[in-house]
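The next block holds one structure in the form of structure tokens; read it before the comments.
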Amino acid sequence: MKSFFNRILVAEEAILNLLAEAILSQNGVLLTYFNQHCFNVYFKNDKYREILEKQSVTFLDGYGIYLFLKLLGRSPERINASDINEKLFKLIGEKYYRTFIVGSNLDEKILSKYFASFNLAGYQNGYFSESEKETIQKKIQSADPRVILIGMGVPQQEIFASELAERLNNSVIICVGNFLEFFTERKKRIPKKFRNIGIEWIFRLIQEPARLWRRYLIGIPIFIFRAGSLIIKSWLYKDE
């Protein structure tokens, strides 16, 4: 567990360079983010934890994980996954990499408007059943994308990405969560000055209280307790 937290990428340049090198070298990689909600899921979902520890490259997202890693003795930058994704999407569009998108529920009009600069190999909405997975994975495989963007929420997107990676070991797979909604302007982001002080979660809770109240109002206290316990243990046993 400790080794996983030590492997989380904590610098924006390292994240962007890793993706650029993976795409150019035709090496496969599964990239995802790690925030306060992911931290809680990590401790209760064995499959998700196994993917993060053994398969994915993971970068920090949000103030909670930034502070947690800092108190563990690392030197993280303040990183927001949506800001990283904006830069990744720009890179993918500019380089015209063959890209398949999975997630949200985007019609042709939205795809043509917001992904006009992309070399789209195909699109699949994120609302499919377990029994449809095999067919969809074969569809993506036959499209032969260089990059796959998956926005289905944690841990569903990581599990689906992990299964895809076994079929497409040379593709770059990026889990983007809710970013497809922001990128297509179906949902608004809080102004940057408020994101910088770590209160984006409040804005999101106001936007989607029915979906997010448990994640934040219950999840944040759980995160503080678990993270605090790990930090104290690391301080007590750091010389052992």
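Numbering starts fresh at 1 for the residues of each chain in the structure tokens, the chains themselves are lettered A, B, ... in the order given, and ligands are numbered from 1 as they appear.
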
**OP:** Name all residues at most 10 Å from segment 89-98 of chain A (count only C-alpha atoms; drop same-chain ones fewer than 4 positions away) and give them as a PyMOL selection string.
**Re:** chain A and resi 16+19-20+23-24+84-85+115-122+143-149+183

Output C-alpha atoms for every residue in the selection just made, as an mmCIF file, in the first residue's frame.
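New file again-v1.cif:
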data_model
loop_
_atom_site.group_PDB
_atom_site.id
_atom_site.type_symbol
_atom_site.label_atom_id
_atom_site.label_comp_id
_atom_site.auth_asym_id
_atom_site.auth_seq_id
_atom_site.Cartn_x
_atom_site.Cartn_y
_atom_site.Cartn_z
ATOM 1 C CA LEU A 16 2.304 14.957 -19.811
ATOM 2 C CA LEU A 19 1.671 10.233 -22.149
ATOM 3 C CA ALA A 20 3.539 11.844 -25.028
ATOM 4 C CA ILE A 23 1.945 7.520 -27.686
ATOM 5 C CA LEU A 24 5.057 8.117 -29.771
ATOM 6 C CA ILE A 84 -4.537 17.883 -16.910
ATOM 7 C CA ASN A 85 -7.241 16.473 -19.172
ATOM 8 C CA PHE A 115 -14.189 16.873 -31.158
ATOM 9 C CA ALA A 116 -13.811 18.436 -34.605
ATOM 10 C CA SER A 117 -10.007 18.433 -34.304
ATOM 11 C CA PHE A 118 -9.894 14.777 -33.218
ATOM 12 C CA ASN A 119 -9.235 11.802 -35.460
ATOM 13 C CA LEU A 120 -12.227 9.883 -34.072
ATOM 14 C CA ALA A 121 -12.074 6.130 -34.530
ATOM 15 C CA GLY A 122 -15.437 5.721 -32.843
ATOM 16 C CA ALA A 143 -11.342 0.303 -34.552
ATOM 17 C CA ASP A 144 -7.609 0.050 -33.735
ATOM 18 C CA PRO A 145 -7.327 3.353 -31.800
ATOM 19 C CA ARG A 146 -4.017 4.774 -30.611
ATOM 20 C CA VAL A 147 -5.760 6.549 -27.712
ATOM 21 C CA ILE A 148 -8.869 5.528 -25.772
ATOM 22 C CA LEU A 149 -10.631 8.057 -23.518
ATOM 23 C CA PHE A 183 -15.324 19.431 -22.156
#

**OP:** Would you please give, as a VMD selection string, all residues of segment 8-238 of chain A that DSSP assigns to strand (DSSP E) based on the backbone?
**Re:** chain A and resid 29 to 34 57 to 60 98 to 103 119 to 124 147 to 151 172 to 175

**OP:** Would you kindly return, as a ChimeraX atom specification, each protein, DNA or RNA residue with an atom no farther than 12 Å from any atom of Ser142 of chain A, considering only C-alpha atoms and excluding same-chain residues fewer than 4 positions away?
**Re:** /A:100,121-122,135-138,146,164,167-168

Those same residues - C-alpha atoms - I'd like them written as a PDB file, in the first residue's frame.
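The result, stored in result33.pdb:
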ATOM      1  CA  PHE A 100     -11.932   6.164 -29.433  1.00  0.00           C
ATOM      2  CA  ALA A 121     -12.074   6.130 -34.530  1.00  0.00           C
ATOM      3  CA  GLY A 122     -15.437   5.721 -32.843  1.00  0.00           C
ATOM      4  CA  THR A 135     -19.226  -6.824 -27.857  1.00  0.00           C
ATOM      5  CA  ILE A 136     -18.166  -3.249 -27.079  1.00  0.00           C
ATOM      6  CA  GLN A 137     -14.580  -4.260 -26.347  1.00  0.00           C
ATOM      7  CA  LYS A 138     -14.409  -6.088 -29.679  1.00  0.00           C
ATOM      8  CA  ARG A 146      -4.017   4.774 -30.611  1.00  0.00           C
ATOM      9  CA  LEU A 164      -9.391  -3.285 -22.655  1.00  0.00           C
ATOM     10  CA  ARG A 167      -6.867  -6.764 -25.586  1.00  0.00           C
ATOM     11  CA  LEU A 168      -5.039  -3.642 -26.779  1.00  0.00           C
TER      12      LEU A 168
END

**OP:** Using only C-alpha atoms, pick whichever of A:Met152, A:Leu31, A:Ile222, A:Ile206 has the shortest atom-to-atom distance to Ala81 of chain A.
**Re:**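 Smallest distance to Ala81 of chain A is found for A:Leu31.
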
Subject >> Residue contacts of segment 106-108 of chain A (10 Å, only C-alpha atoms) excluding same-chain residues fewer than 4 positions away, as number ranges by chain >> reply: A: 101-102, 112-113, 123-126, 180-181, 184, 186

Original post:
Out of segment 14-211 of chain A, which residues get helix (DSSP H, G or I) from DSSP, as number ranges by chain?
Top reply: A: 14-25, 36-44, 46-54, 63-71, 81-95, 108-114, 130-143, 156-167, 179-183, 192-195, 200-207, 209-211

Subject >> Spatial neighbours of Glu166 of chain A, max dist 12 Å, only C-alpha atoms, sep filter under 4 positions, as a VMD selection string >> reply: chain A and resid 28 to 30 55 137 to 138 141 159 to 162 170 to 173

Subject >> Straight-line distance linking atom CA of Leu52 of chain A with atom CA of His37 of chain A, stated in Å to one decimal >> reply: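 Distance reported for this atom pair: 14.0 Å.
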
**OP:** Figure out the distance between atom CA of Ile51 of chain A and atom CA of Gly103 of chain A, please, to one decimal in Å.
**Re:** 19.6 Å

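Here the question is which of A:Val10, A:Ile190, A:Val41, A:Ile202 gets nearest to Gly153 of chain A using only C-alpha atoms, and that residue is A:Val41.
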
**OP:** Within 10 Å of Trp201 of chain A, counting only C-alpha atoms, which residues show up once you throw out same-chain ones fewer than 5 positions away? Write them as a ChimeraX atom specification, please.
**Re:** /A:62,190,195,206-207,212,215-216

Would you output that residue set with C-alpha atoms, as a PDB file, in the first residue's frame?
ATOM      1  CA  GLY A  62      -7.240  17.548  -5.827  1.00  0.00           C
ATOM      2  CA  ILE A 190     -16.159  26.405 -10.900  1.00  0.00           C
ATOM      3  CA  ARG A 195     -10.540  25.718  -7.721  1.00  0.00           C
ATOM      4  CA  ILE A 206     -24.545  22.205  -5.263  1.00  0.00           C
ATOM      5  CA  GLN A 207     -24.813  21.204  -8.949  1.00  0.00           C
ATOM      6  CA  LEU A 212     -22.800  13.535  -4.862  1.00  0.00           C
ATOM      7  CA  ARG A 215     -19.438  11.102  -1.791  1.00  0.00           C
ATOM      8  CA  TYR A 216     -18.693  14.396  -0.078  1.00  0.00           C
TER       9      TYR A 216
END

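If you look at atom CA of Ser234 of chain A and atom CA of Lys44 of chain A, they are 21.1 Å away from each other.
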
Subject >> Selected residue, from A:Ile231, A:Val176, A:Ala22, A:Leu71, that lies nearest to Phe34 of chain A when counting only C-alpha atoms >> reply: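 Of A:Ile231, A:Val176, A:Ala22, A:Leu71, the one nearest Phe34 of chain A, counting only C-alpha atoms, is A:Val176.
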
Original post:
For Gln36 of chain A, which residue out of A:Ile79, A:Leu60, A:Leu88, A:Leu205 is the nearest one, using only C-alpha atoms?
Top reply: A:Leu60

Kindly provide the residues of segment 4-114 of chain A that approach segment 223-228 of chain A to within 9 Å, each paired with its closest atom pair and their distance in Å to one decimal, based on only C-alpha atoms, listed by chain and increasing number, as a tab-separated table.
residue	atom	partner	partner_atom	distance
A:Gln36	CA	A:Phe223	CA	6.4
A:His37	CA	A:Phe223	CA	7.9
A:Phe39	CA	A:Phe223	CA	7.1
A:Asn40	CA	A:Phe223	CA	6.2
A:Gly64	CA	A:Ile224	CA	8.5
A:Ile65	CA	A:Ala227	CA	8.9
A:Phe68	CA	A:Ala227	CA	6.5

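Counting only C-alpha atoms and comparing A:Ile8, A:Ile15, A:Leu217, A:Leu111, the residue that lies closest to Glu185 of chain A is A:Leu111.
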